[in-house]
Structure formats: structure tokens, C-alpha cells
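Everything below concerns the one structure shown next.
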Amino acid sequence: MKQLVIIGAGGFAREVYYHSQLTNEYNSEWQIKGFLDGDIKLSDEEYKKLPENIPVLGNVDNYEIEDNDVFTCAIGSPQIRKRLTEKILRRGAKFINIISPSTTIFPTAKVGQGVIIGLNNGIGPEVEIGDFSIINNVTFIGHDTKVGKYTSIMSHVEIGGGVKIGEEVFISSGVTIIPKSKIGDGAAVGAGSVVLRKVKAGAKVFGNPAMEF
């Protein structure tokens, strides 16, 4: 039986802990071993919110990987998630996908490794989800859309067909992205925004229509 180690111990890590228990693989292919701290040391109050029976095993730097360990990285920031993931990958870590059975994924869609997909999402035909990306809850991704590695897409996001989303992009809750739009690497889209055409790499945009600020 594999042992799942969740990188991160904050609020989103707690969400992933519960998501993981809803997957088809829980208790049949792996069990939950514990959490690893990320870059930021949490407060005592945050640690008290973690499940009592699931320990914090250390952090990415000092944790000794065991043969039956598998990992997921439950950190919302694309840049921090990339840094910690690549650090432990270099030491031989193996990542699995955490995908809620309430999500519909078309058979012609492609999902990379280390991906987290939450509750009640729709992933359309020929969609490509890059490695180590996060799709939170109640988000719909239209046909032929490509999502780059280490991208975070939060809840209640509507993405039209043929959209190109780069790597390390952060898309906040309630965003609408019009079909065939392009969002460059490292961009951030604020909550409730409407993307009509193009967001350049590294830009932070907000509003309807989404504009740089």
C-alpha cells in the first residue's frame, strides 16, 4: 500500500486531505501518511486545525523519502508549488493525481502528473492539463484548451474553448475566459474578471474587461 504525503499544511492542504479521501484510489491503492510544511512555518492555531490523527512529518528539506511514499503538492501559489515540487523531485519523489470522482473528464482530454482536480469540474474534449496544476471546484474548461504546468485555477471559473493558458498562471475564483483567449506565463487574473482576448506574461489583471493594474 502506497503512503500519500501532502506537501503543505495550510488551509488548502486540509481541503486536499478531504478531497483525497473521496477518490477511488483511497484505501485501495494508498493511504494518507501525513503533511509536510512548505516554505512558511504555520502558527500554532493553524496546526491545531489539521486532522488529529495525521502528523506533520517535517518539511521538504528534511523529510526522508521512503520507498512506498507518493506525493501531492497542496500549495496554491504556482511559484512556491513549483519550487517545492522540483526540490523534492530531484530527490526521487513520485507524484500522483488527486481527482474527485464528481469531476467529468472527457476521454480525449489529457491530464499530466501531480495534478489536483477538486469537486464537480468539467474537463472538455482535447483539453490538456499540464503537470502539477490545480483545478479547484465547480470549474468548466472548454474543448481544446491547454493549461500549462504549475497553473492554479480556483473555483467557479468558466473557460471557453481553444484557450491557451501558460505555465505558473494564477486564476482566481469567479473568472470568465472568453474562447480562444491567451494568458501568458506567470500571469495572475483577479477574482470575478472577464478575459476577452490576451493577458501578457507576468501581468496582473482585474475587472470586466480584465485590465492590467
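As shown in the C-alpha cells, the chain order sets the letters A, B, ...; within each chain, residues go from 1, and ligands are also counted from 1 in the order they appear.
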
Exercise for review: Report the residues of stretch 8-170 of chain A whose backbone DSSP state falls under helix (DSSP H, G or I), written as a count of residues only.
Suggested key: 29

Counting only C-alpha atoms, what are the residues of stretch 19-50 of chain A within 8 Å of stretch 95-112 of chain A, and for each of them which pair of atoms is the nearest and at what distance in Å, to one decimal? Sort the table by chain and rising number, as a tab-separated table.
residue	atom	partner	partner_atom	distance
A:His19	CA	A:Ser100	CA	6.5
A:Ser20	CA	A:Ile98	CA	6.0
A:Leu22	CA	A:Ser100	CA	6.3
A:Thr23	CA	A:Ser100	CA	5.4
A:Asn24	CA	A:Pro101	CA	7.0

Please produce a file of the residues just selected, as an mmCIF file, in the first residue's frame, where the atoms kept are N, CA, C and O atoms.
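So the final result, stored in part_32.cif, reads:
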data_model
loop_
_atom_site.group_PDB
_atom_site.id
_atom_site.type_symbol
_atom_site.label_atom_id
_atom_site.label_comp_id
_atom_site.auth_asym_id
_atom_site.auth_seq_id
_atom_site.Cartn_x
_atom_site.Cartn_y
_atom_site.Cartn_z
ATOM 1 N N HIS A 19 -10.379 15.982 -0.025
ATOM 2 C CA HIS A 19 -10.588 15.559 -1.418
ATOM 3 C C HIS A 19 -10.015 14.166 -1.647
ATOM 4 O O HIS A 19 -10.623 13.324 -2.315
ATOM 5 N N SER A 20 -8.831 13.925 -1.111
ATOM 6 C CA SER A 20 -8.141 12.666 -1.373
ATOM 7 C C SER A 20 -8.933 11.469 -0.854
ATOM 8 O O SER A 20 -8.881 10.377 -1.442
ATOM 9 N N LEU A 22 -12.038 11.104 -0.992
ATOM 10 C CA LEU A 22 -13.176 10.854 -1.870
ATOM 11 C C LEU A 22 -12.768 10.164 -3.167
ATOM 12 O O LEU A 22 -13.640 9.747 -3.938
ATOM 13 N N THR A 23 -11.475 10.043 -3.424
ATOM 14 C CA THR A 23 -11.022 9.446 -4.667
ATOM 15 C C THR A 23 -11.235 7.937 -4.666
ATOM 16 O O THR A 23 -11.352 7.302 -3.622
ATOM 17 N N ASN A 24 -11.243 7.380 -5.858
ATOM 18 C CA ASN A 24 -11.413 5.935 -5.997
ATOM 19 C C ASN A 24 -10.199 5.156 -5.495
ATOM 20 O O ASN A 24 -10.301 3.974 -5.167
#

Practice item. May I have the residues within 9 Å of A:Tyr17 as a list in words, using only C-alpha atoms and disregarding those fewer than 4 positions away in the same chain? Key: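 The filter keeps Ile6, Phe12, Ala13, Gln21, Ile32, Pro51 and Ala74 of chain A.
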
Point to revise | Proximity to A:Tyr150 - best of A:Cys73, A:Ala203, A:Met211, A:Val5, only C-alpha atoms | key: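 Closest residue, counting only C-alpha atoms: A:Cys73.
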
Check your understanding: If you count only C-alpha atoms, which residues fall within 6 Å of stretch 165-173 of chain A, apart from same-chain ones fewer than 5 positions away, as a PyMOL selection string?
Key -> chain A and resi 78+146-156+182-191

Keeping only all heavy atoms, write the selected residues to a file as a compact mmCIF listing (two decimals), in the first residue's frame.
# COMPACT_ATOMS: atom_id res chain seq x y z
N PRO A 78 1.48 29.17 -7.55
CA PRO A 78 2.19 28.39 -8.57
C PRO A 78 3.71 28.41 -8.38
O PRO A 78 4.37 27.38 -8.57
CB PRO A 78 1.79 29.06 -9.88
CG PRO A 78 0.47 29.70 -9.60
CD PRO A 78 0.57 30.16 -8.17
N LYS A 146 -5.64 24.48 -23.49
CA LYS A 146 -4.37 23.98 -22.96
C LYS A 146 -4.00 24.77 -21.70
O LYS A 146 -3.97 26.00 -21.74
CB LYS A 146 -3.27 24.07 -24.01
CG LYS A 146 -3.46 23.10 -25.17
CD LYS A 146 -2.34 23.20 -26.19
CE LYS A 146 -2.45 22.07 -27.22
NZ LYS A 146 -3.73 22.00 -27.89
N VAL A 147 -3.74 24.05 -20.62
CA VAL A 147 -3.36 24.65 -19.34
C VAL A 147 -1.92 24.24 -19.05
O VAL A 147 -1.60 23.06 -18.99
CB VAL A 147 -4.28 24.16 -18.21
CG1 VAL A 147 -3.85 24.74 -16.87
CG2 VAL A 147 -5.74 24.54 -18.51
N GLY A 148 -1.04 25.23 -18.86
CA GLY A 148 0.37 24.95 -18.65
C GLY A 148 0.69 24.39 -17.28
O GLY A 148 -0.15 24.40 -16.36
N LYS A 149 1.92 23.93 -17.11
CA LYS A 149 2.38 23.35 -15.85
C LYS A 149 2.29 24.35 -14.70
O LYS A 149 2.47 25.55 -14.90
CB LYS A 149 3.82 22.88 -15.98
CG LYS A 149 4.04 21.75 -16.98
CD LYS A 149 5.51 21.38 -17.04
CE LYS A 149 5.77 20.25 -18.02
NZ LYS A 149 7.22 19.90 -18.08
N TYR A 150 2.04 23.84 -13.52
CA TYR A 150 2.06 24.60 -12.26
C TYR A 150 1.05 25.74 -12.24
O TYR A 150 1.21 26.71 -11.50
CB TYR A 150 3.47 25.15 -11.99
CG TYR A 150 4.50 24.08 -11.75
CD1 TYR A 150 5.41 23.73 -12.73
CD2 TYR A 150 4.56 23.40 -10.54
CE1 TYR A 150 6.35 22.73 -12.52
CE2 TYR A 150 5.50 22.41 -10.31
CZ TYR A 150 6.39 22.09 -11.31
OH TYR A 150 7.33 21.10 -11.09
N THR A 151 0.00 25.63 -13.01
CA THR A 151 -1.03 26.66 -13.00
C THR A 151 -2.09 26.35 -11.95
O THR A 151 -2.40 25.18 -11.69
CB THR A 151 -1.65 26.80 -14.41
OG1 THR A 151 -0.74 27.53 -15.24
CG2 THR A 151 -2.98 27.49 -14.40
N SER A 152 -2.66 27.39 -11.33
CA SER A 152 -3.71 27.26 -10.33
C SER A 152 -4.98 27.91 -10.86
O SER A 152 -4.99 29.10 -11.18
CB SER A 152 -3.31 27.93 -9.02
OG SER A 152 -2.20 27.30 -8.43
N ILE A 153 -6.05 27.13 -10.94
CA ILE A 153 -7.36 27.63 -11.36
C ILE A 153 -8.33 27.40 -10.20
O ILE A 153 -8.58 26.26 -9.81
CB ILE A 153 -7.85 26.93 -12.64
CG1 ILE A 153 -6.85 27.16 -13.78
CG2 ILE A 153 -9.24 27.43 -13.02
CD1 ILE A 153 -7.17 26.40 -15.05
N MET A 154 -8.85 28.47 -9.65
CA MET A 154 -9.68 28.39 -8.46
C MET A 154 -11.13 28.03 -8.82
O MET A 154 -11.42 27.63 -9.92
CB MET A 154 -9.59 29.69 -7.68
CG MET A 154 -8.17 29.99 -7.17
SD MET A 154 -7.58 28.79 -5.94
CE MET A 154 -6.46 27.77 -6.93
N SER A 155 -12.04 28.22 -7.88
CA SER A 155 -13.42 27.73 -8.03
C SER A 155 -14.28 28.64 -8.91
O SER A 155 -14.03 29.84 -9.02
CB SER A 155 -14.08 27.60 -6.65
OG SER A 155 -13.39 26.67 -5.86
N HIS A 156 -15.29 28.02 -9.51
CA HIS A 156 -16.31 28.74 -10.29
C HIS A 156 -15.70 29.56 -11.42
O HIS A 156 -16.04 30.72 -11.63
CB HIS A 156 -17.16 29.63 -9.37
CG HIS A 156 -17.93 28.87 -8.34
ND1 HIS A 156 -19.16 28.30 -8.60
CD2 HIS A 156 -17.63 28.56 -7.06
CE1 HIS A 156 -19.59 27.68 -7.51
NE2 HIS A 156 -18.68 27.81 -6.57
N LYS A 182 -5.74 34.10 -24.73
CA LYS A 182 -4.40 33.62 -24.40
C LYS A 182 -3.91 34.32 -23.13
O LYS A 182 -4.01 35.54 -23.02
CB LYS A 182 -3.43 33.89 -25.56
CG LYS A 182 -3.75 33.12 -26.83
CD LYS A 182 -2.73 33.39 -27.93
CE LYS A 182 -3.07 32.59 -29.19
NZ LYS A 182 -2.08 32.84 -30.28
N ILE A 183 -3.39 33.52 -22.21
CA ILE A 183 -2.87 34.06 -20.95
C ILE A 183 -1.42 33.60 -20.83
O ILE A 183 -1.13 32.40 -20.84
CB ILE A 183 -3.69 33.57 -19.75
CG1 ILE A 183 -5.15 34.05 -19.91
CG2 ILE A 183 -3.10 34.10 -18.44
CD1 ILE A 183 -6.08 33.56 -18.81
N GLY A 184 -0.50 34.56 -20.72
CA GLY A 184 0.92 34.26 -20.74
C GLY A 184 1.43 33.69 -19.43
O GLY A 184 0.77 33.76 -18.38
N ASP A 185 2.64 33.13 -19.49
CA ASP A 185 3.28 32.52 -18.32
C ASP A 185 3.34 33.51 -17.15
O ASP A 185 3.66 34.69 -17.33
CB ASP A 185 4.70 32.09 -18.66
CG ASP A 185 4.77 30.97 -19.69
OD1 ASP A 185 3.73 30.34 -19.95
OD2 ASP A 185 5.88 30.74 -20.23
N GLY A 186 3.07 33.00 -15.96
CA GLY A 186 3.24 33.79 -14.74
C GLY A 186 2.23 34.89 -14.53
O GLY A 186 2.37 35.69 -13.60
N ALA A 187 1.17 34.94 -15.34
CA ALA A 187 0.14 35.98 -15.18
C ALA A 187 -0.78 35.63 -14.01
O ALA A 187 -0.84 34.48 -13.55
CB ALA A 187 -0.66 36.13 -16.46
N ALA A 188 -1.51 36.64 -13.53
CA ALA A 188 -2.49 36.46 -12.47
C ALA A 188 -3.77 37.19 -12.86
O ALA A 188 -3.72 38.36 -13.28
CB ALA A 188 -1.97 36.98 -11.13
N VAL A 189 -4.90 36.52 -12.72
CA VAL A 189 -6.21 37.09 -13.08
C VAL A 189 -7.04 37.21 -11.81
O VAL A 189 -7.30 36.21 -11.13
CB VAL A 189 -6.93 36.22 -14.12
CG1 VAL A 189 -8.26 36.87 -14.52
CG2 VAL A 189 -6.05 36.01 -15.36
N GLY A 190 -7.46 38.43 -11.47
CA GLY A 190 -8.18 38.69 -10.24
C GLY A 190 -9.59 38.13 -10.24
O GLY A 190 -10.19 37.89 -11.29
N ALA A 191 -10.14 37.96 -9.05
CA ALA A 191 -11.45 37.35 -8.86
C ALA A 191 -12.54 38.10 -9.62
O ALA A 191 -12.59 39.33 -9.61
CB ALA A 191 -11.79 37.30 -7.38

Per DSSP on the backbone, filter stretch 24-110 of chain A down to the residues in strand (DSSP E or B) and report them as a short mmCIF file (atom, residue, chain, number, x, y, z; two decimals) with all heavy atoms, in the first residue's frame.
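File produced: part15.cif:
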data_model
loop_
_atom_site.label_atom_id
_atom_site.label_comp_id
_atom_site.auth_asym_id
_atom_site.auth_seq_id
_atom_site.Cartn_x
_atom_site.Cartn_y
_atom_site.Cartn_z
N TYR A 26 -8.28 5.93 -2.80
CA TYR A 26 -8.07 5.98 -1.35
C TYR A 26 -8.44 4.64 -0.72
O TYR A 26 -9.51 4.09 -0.95
CB TYR A 26 -8.91 7.11 -0.75
CG TYR A 26 -8.84 7.22 0.75
CD1 TYR A 26 -7.64 7.53 1.37
CD2 TYR A 26 -9.96 7.01 1.55
CE1 TYR A 26 -7.57 7.63 2.76
CE2 TYR A 26 -9.90 7.12 2.92
CZ TYR A 26 -8.70 7.43 3.53
OH TYR A 26 -8.62 7.53 4.89
N TRP A 30 -3.65 3.60 -1.93
CA TRP A 30 -2.81 4.34 -0.99
C TRP A 30 -3.63 4.83 0.21
O TRP A 30 -4.85 4.91 0.14
CB TRP A 30 -2.10 5.52 -1.67
CG TRP A 30 -2.95 6.36 -2.58
CD1 TRP A 30 -3.02 6.29 -3.94
CD2 TRP A 30 -3.88 7.39 -2.20
NE1 TRP A 30 -3.93 7.20 -4.43
CE2 TRP A 30 -4.46 7.89 -3.38
CE3 TRP A 30 -4.27 7.94 -0.97
CZ2 TRP A 30 -5.40 8.92 -3.37
CZ3 TRP A 30 -5.22 8.95 -0.96
CH2 TRP A 30 -5.76 9.42 -2.15
N GLN A 31 -2.90 5.11 1.27
CA GLN A 31 -3.46 5.73 2.46
C GLN A 31 -2.73 7.05 2.71
O GLN A 31 -1.68 7.32 2.10
CB GLN A 31 -3.33 4.80 3.66
CG GLN A 31 -4.12 3.52 3.53
CD GLN A 31 -3.88 2.57 4.68
OE1 GLN A 31 -2.83 2.58 5.30
NE2 GLN A 31 -4.87 1.72 4.96
N ILE A 32 -3.25 7.88 3.61
CA ILE A 32 -2.65 9.18 3.88
C ILE A 32 -1.65 9.04 5.02
O ILE A 32 -2.00 8.61 6.12
CB ILE A 32 -3.73 10.23 4.22
CG1 ILE A 32 -4.70 10.37 3.03
CG2 ILE A 32 -3.08 11.57 4.55
CD1 ILE A 32 -5.93 11.16 3.33
N LYS A 33 -0.43 9.43 4.75
CA LYS A 33 0.64 9.30 5.73
C LYS A 33 0.80 10.55 6.60
O LYS A 33 1.00 10.48 7.81
CB LYS A 33 1.95 8.99 5.02
CG LYS A 33 3.14 8.74 5.94
CD LYS A 33 4.36 8.36 5.11
CE LYS A 33 5.55 7.99 5.99
NZ LYS A 33 6.71 7.59 5.17
N GLY A 34 0.76 11.74 5.97
CA GLY A 34 0.94 12.96 6.73
C GLY A 34 1.20 14.16 5.85
O GLY A 34 1.13 14.08 4.61
N PHE A 35 1.48 15.28 6.50
CA PHE A 35 1.74 16.55 5.83
C PHE A 35 3.23 16.92 5.93
O PHE A 35 3.92 16.51 6.86
CB PHE A 35 0.93 17.68 6.49
CG PHE A 35 -0.56 17.51 6.42
CD1 PHE A 35 -1.25 16.87 7.45
CD2 PHE A 35 -1.28 17.99 5.35
CE1 PHE A 35 -2.62 16.72 7.41
CE2 PHE A 35 -2.66 17.84 5.29
CZ PHE A 35 -3.33 17.20 6.33
N LEU A 36 3.67 17.72 4.98
CA LEU A 36 4.98 18.36 5.08
C LEU A 36 4.79 19.87 5.07
O LEU A 36 4.01 20.39 4.26
CB LEU A 36 5.88 17.98 3.89
CG LEU A 36 6.38 16.55 3.79
CD1 LEU A 36 7.30 16.41 2.57
CD2 LEU A 36 7.11 16.12 5.04
N ASP A 37 5.50 20.56 5.93
CA ASP A 37 5.48 22.02 5.89
C ASP A 37 6.06 22.53 4.58
O ASP A 37 6.98 21.94 4.01
CB ASP A 37 6.32 22.60 7.04
CG ASP A 37 5.53 22.70 8.34
OD1 ASP A 37 4.32 22.98 8.27
OD2 ASP A 37 6.12 22.47 9.40
N VAL A 56 2.32 16.00 11.06
CA VAL A 56 3.23 16.78 10.23
C VAL A 56 4.58 16.08 10.31
O VAL A 56 5.16 15.93 11.39
CB VAL A 56 3.32 18.24 10.71
CG1 VAL A 56 4.35 19.00 9.89
CG2 VAL A 56 1.95 18.91 10.62
N LEU A 57 5.09 15.64 9.18
CA LEU A 57 6.25 14.75 9.12
C LEU A 57 7.58 15.49 9.05
O LEU A 57 8.63 14.86 9.09
CB LEU A 57 6.12 13.83 7.91
CG LEU A 57 4.84 12.98 7.86
CD1 LEU A 57 4.68 12.33 6.50
CD2 LEU A 57 4.86 11.93 8.95
N GLY A 58 7.52 16.81 8.93
CA GLY A 58 8.73 17.61 8.75
C GLY A 58 8.51 18.60 7.64
O GLY A 58 7.39 19.11 7.46
N ASN A 59 9.55 18.86 6.85
CA ASN A 59 9.40 19.75 5.71
C ASN A 59 10.11 19.13 4.49
O ASN A 59 10.73 18.07 4.58
CB ASN A 59 9.93 21.15 6.01
CG ASN A 59 11.38 21.15 6.43
OD1 ASN A 59 12.23 20.55 5.77
ND2 ASN A 59 11.69 21.81 7.54
N ASP A 69 6.40 5.86 -0.53
CA ASP A 69 5.82 7.20 -0.49
C ASP A 69 5.38 7.66 -1.88
O ASP A 69 6.08 7.43 -2.88
CB ASP A 69 6.82 8.21 0.05
CG ASP A 69 7.05 8.10 1.54
OD1 ASP A 69 6.21 7.50 2.23
OD2 ASP A 69 8.07 8.64 2.02
N VAL A 70 4.25 8.33 -1.92
CA VAL A 70 3.83 9.11 -3.09
C VAL A 70 3.41 10.49 -2.59
O VAL A 70 3.07 10.66 -1.42
CB VAL A 70 2.68 8.43 -3.87
CG1 VAL A 70 3.17 7.17 -4.56
CG2 VAL A 70 1.50 8.12 -2.96
N PHE A 71 3.43 11.48 -3.48
CA PHE A 71 3.27 12.87 -3.05
C PHE A 71 2.22 13.61 -3.85
O PHE A 71 1.92 13.27 -5.00
CB PHE A 71 4.61 13.61 -3.20
CG PHE A 71 5.68 13.14 -2.27
CD1 PHE A 71 6.43 12.00 -2.56
CD2 PHE A 71 5.95 13.82 -1.09
CE1 PHE A 71 7.41 11.55 -1.70
CE2 PHE A 71 6.94 13.37 -0.23
CZ PHE A 71 7.67 12.23 -0.54
N THR A 72 1.66 14.65 -3.22
CA THR A 72 0.90 15.69 -3.90
C THR A 72 1.29 17.01 -3.25
O THR A 72 1.64 17.05 -2.07
CB THR A 72 -0.62 15.45 -3.79
OG1 THR A 72 -1.32 16.41 -4.60
CG2 THR A 72 -1.12 15.57 -2.36
N CYS A 73 1.25 18.10 -4.04
CA CYS A 73 1.64 19.40 -3.51
C CYS A 73 0.42 20.30 -3.44
O CYS A 73 -0.10 20.77 -4.46
CB CYS A 73 2.72 20.05 -4.36
SG CYS A 73 3.43 21.53 -3.58
N PHE A 95 4.95 11.51 -7.76
CA PHE A 95 3.69 12.23 -7.55
C PHE A 95 2.52 11.48 -8.18
O PHE A 95 2.65 10.84 -9.22
CB PHE A 95 3.77 13.63 -8.14
CG PHE A 95 4.49 14.61 -7.26
CD1 PHE A 95 5.88 14.56 -7.14
CD2 PHE A 95 3.80 15.57 -6.55
CE1 PHE A 95 6.56 15.46 -6.31
CE2 PHE A 95 4.47 16.47 -5.73
CZ PHE A 95 5.84 16.41 -5.61
N ILE A 98 -4.69 13.64 -7.67
CA ILE A 98 -5.84 13.61 -6.78
C ILE A 98 -7.02 14.18 -7.57
O ILE A 98 -7.07 15.38 -7.84
CB ILE A 98 -5.60 14.45 -5.51
CG1 ILE A 98 -4.34 13.99 -4.77
CG2 ILE A 98 -6.82 14.40 -4.59
CD1 ILE A 98 -4.40 12.59 -4.21
N ILE A 99 -7.94 13.32 -7.99
CA ILE A 99 -9.04 13.73 -8.86
C ILE A 99 -10.35 13.26 -8.25
O ILE A 99 -10.57 12.05 -8.04
CB ILE A 99 -8.88 13.17 -10.28
CG1 ILE A 99 -7.57 13.68 -10.92
CG2 ILE A 99 -10.08 13.55 -11.15
CD1 ILE A 99 -7.28 13.10 -12.29
N THR A 104 -16.10 15.40 -14.21
CA THR A 104 -16.23 14.73 -15.51
C THR A 104 -15.06 15.12 -16.40
O THR A 104 -14.83 16.31 -16.65
CB THR A 104 -17.54 15.11 -16.20
OG1 THR A 104 -18.64 14.69 -15.37
CG2 THR A 104 -17.66 14.45 -17.56
N ILE A 105 -14.30 14.14 -16.85
CA ILE A 105 -13.18 14.36 -17.74
C ILE A 105 -13.44 13.59 -19.03
O ILE A 105 -13.57 12.36 -19.01
CB ILE A 105 -11.84 13.91 -17.11
CG1 ILE A 105 -11.59 14.67 -15.80
CG2 ILE A 105 -10.69 14.13 -18.09
CD1 ILE A 105 -10.33 14.25 -15.07
N LYS A 110 -6.29 15.14 -21.77
CA LYS A 110 -5.02 14.64 -21.26
C LYS A 110 -4.69 15.37 -19.96
O LYS A 110 -4.69 16.60 -19.92
CB LYS A 110 -3.90 14.85 -22.28
CG LYS A 110 -4.10 14.08 -23.58
CD LYS A 110 -2.96 14.36 -24.56
CE LYS A 110 -3.16 13.61 -25.86
NZ LYS A 110 -2.07 13.90 -26.84
#

Exercise for review: Excluding A:Tyr47 and any residue of its chain fewer than 2 positions from it, enumerate the residues within 12 Å of it, using only C-alpha atoms, and give them as JSON, numbers by chain.
Suggested key: {"A": [8, 9, 10, 11, 13, 14, 35, 36, 37, 41, 42, 43, 44, 45, 49, 50, 51, 52, 54, 55, 56]}

Point to revise | Residue with smallest distance to A:Ile116 - pool A:Ile40, A:Val16, A:Ile7, A:Val138, counting only C-alpha atoms | key: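 For A:Ile116, the nearest of the candidates is A:Val16.
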
**Study point:** Which residue of A:Glu126, A:Asp39, A:Glu15, A:Asp144 approaches A:Ser181 most closely, using only C-alpha atoms
**Key:**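 Of A:Glu126, A:Asp39, A:Glu15, A:Asp144, the one nearest A:Ser181, counting only C-alpha atoms, is A:Asp144.
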
Revision key, fill the gap. Using only C-alpha atoms, the best pick from A:Glu46, A:Ile75, A:Gln3, A:Arg90 as closest to A:Glu29 would be A:Gln3

Exercise for review: Have a look at atom CA of A:Ile159 and atom CA of A:Glu25 and let me know their distance in Å, one decimal.
Suggested key: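 Taking atom CA of A:Ile159 as the start and atom CA of A:Glu25 as the end point, the length is 28.2 Å.
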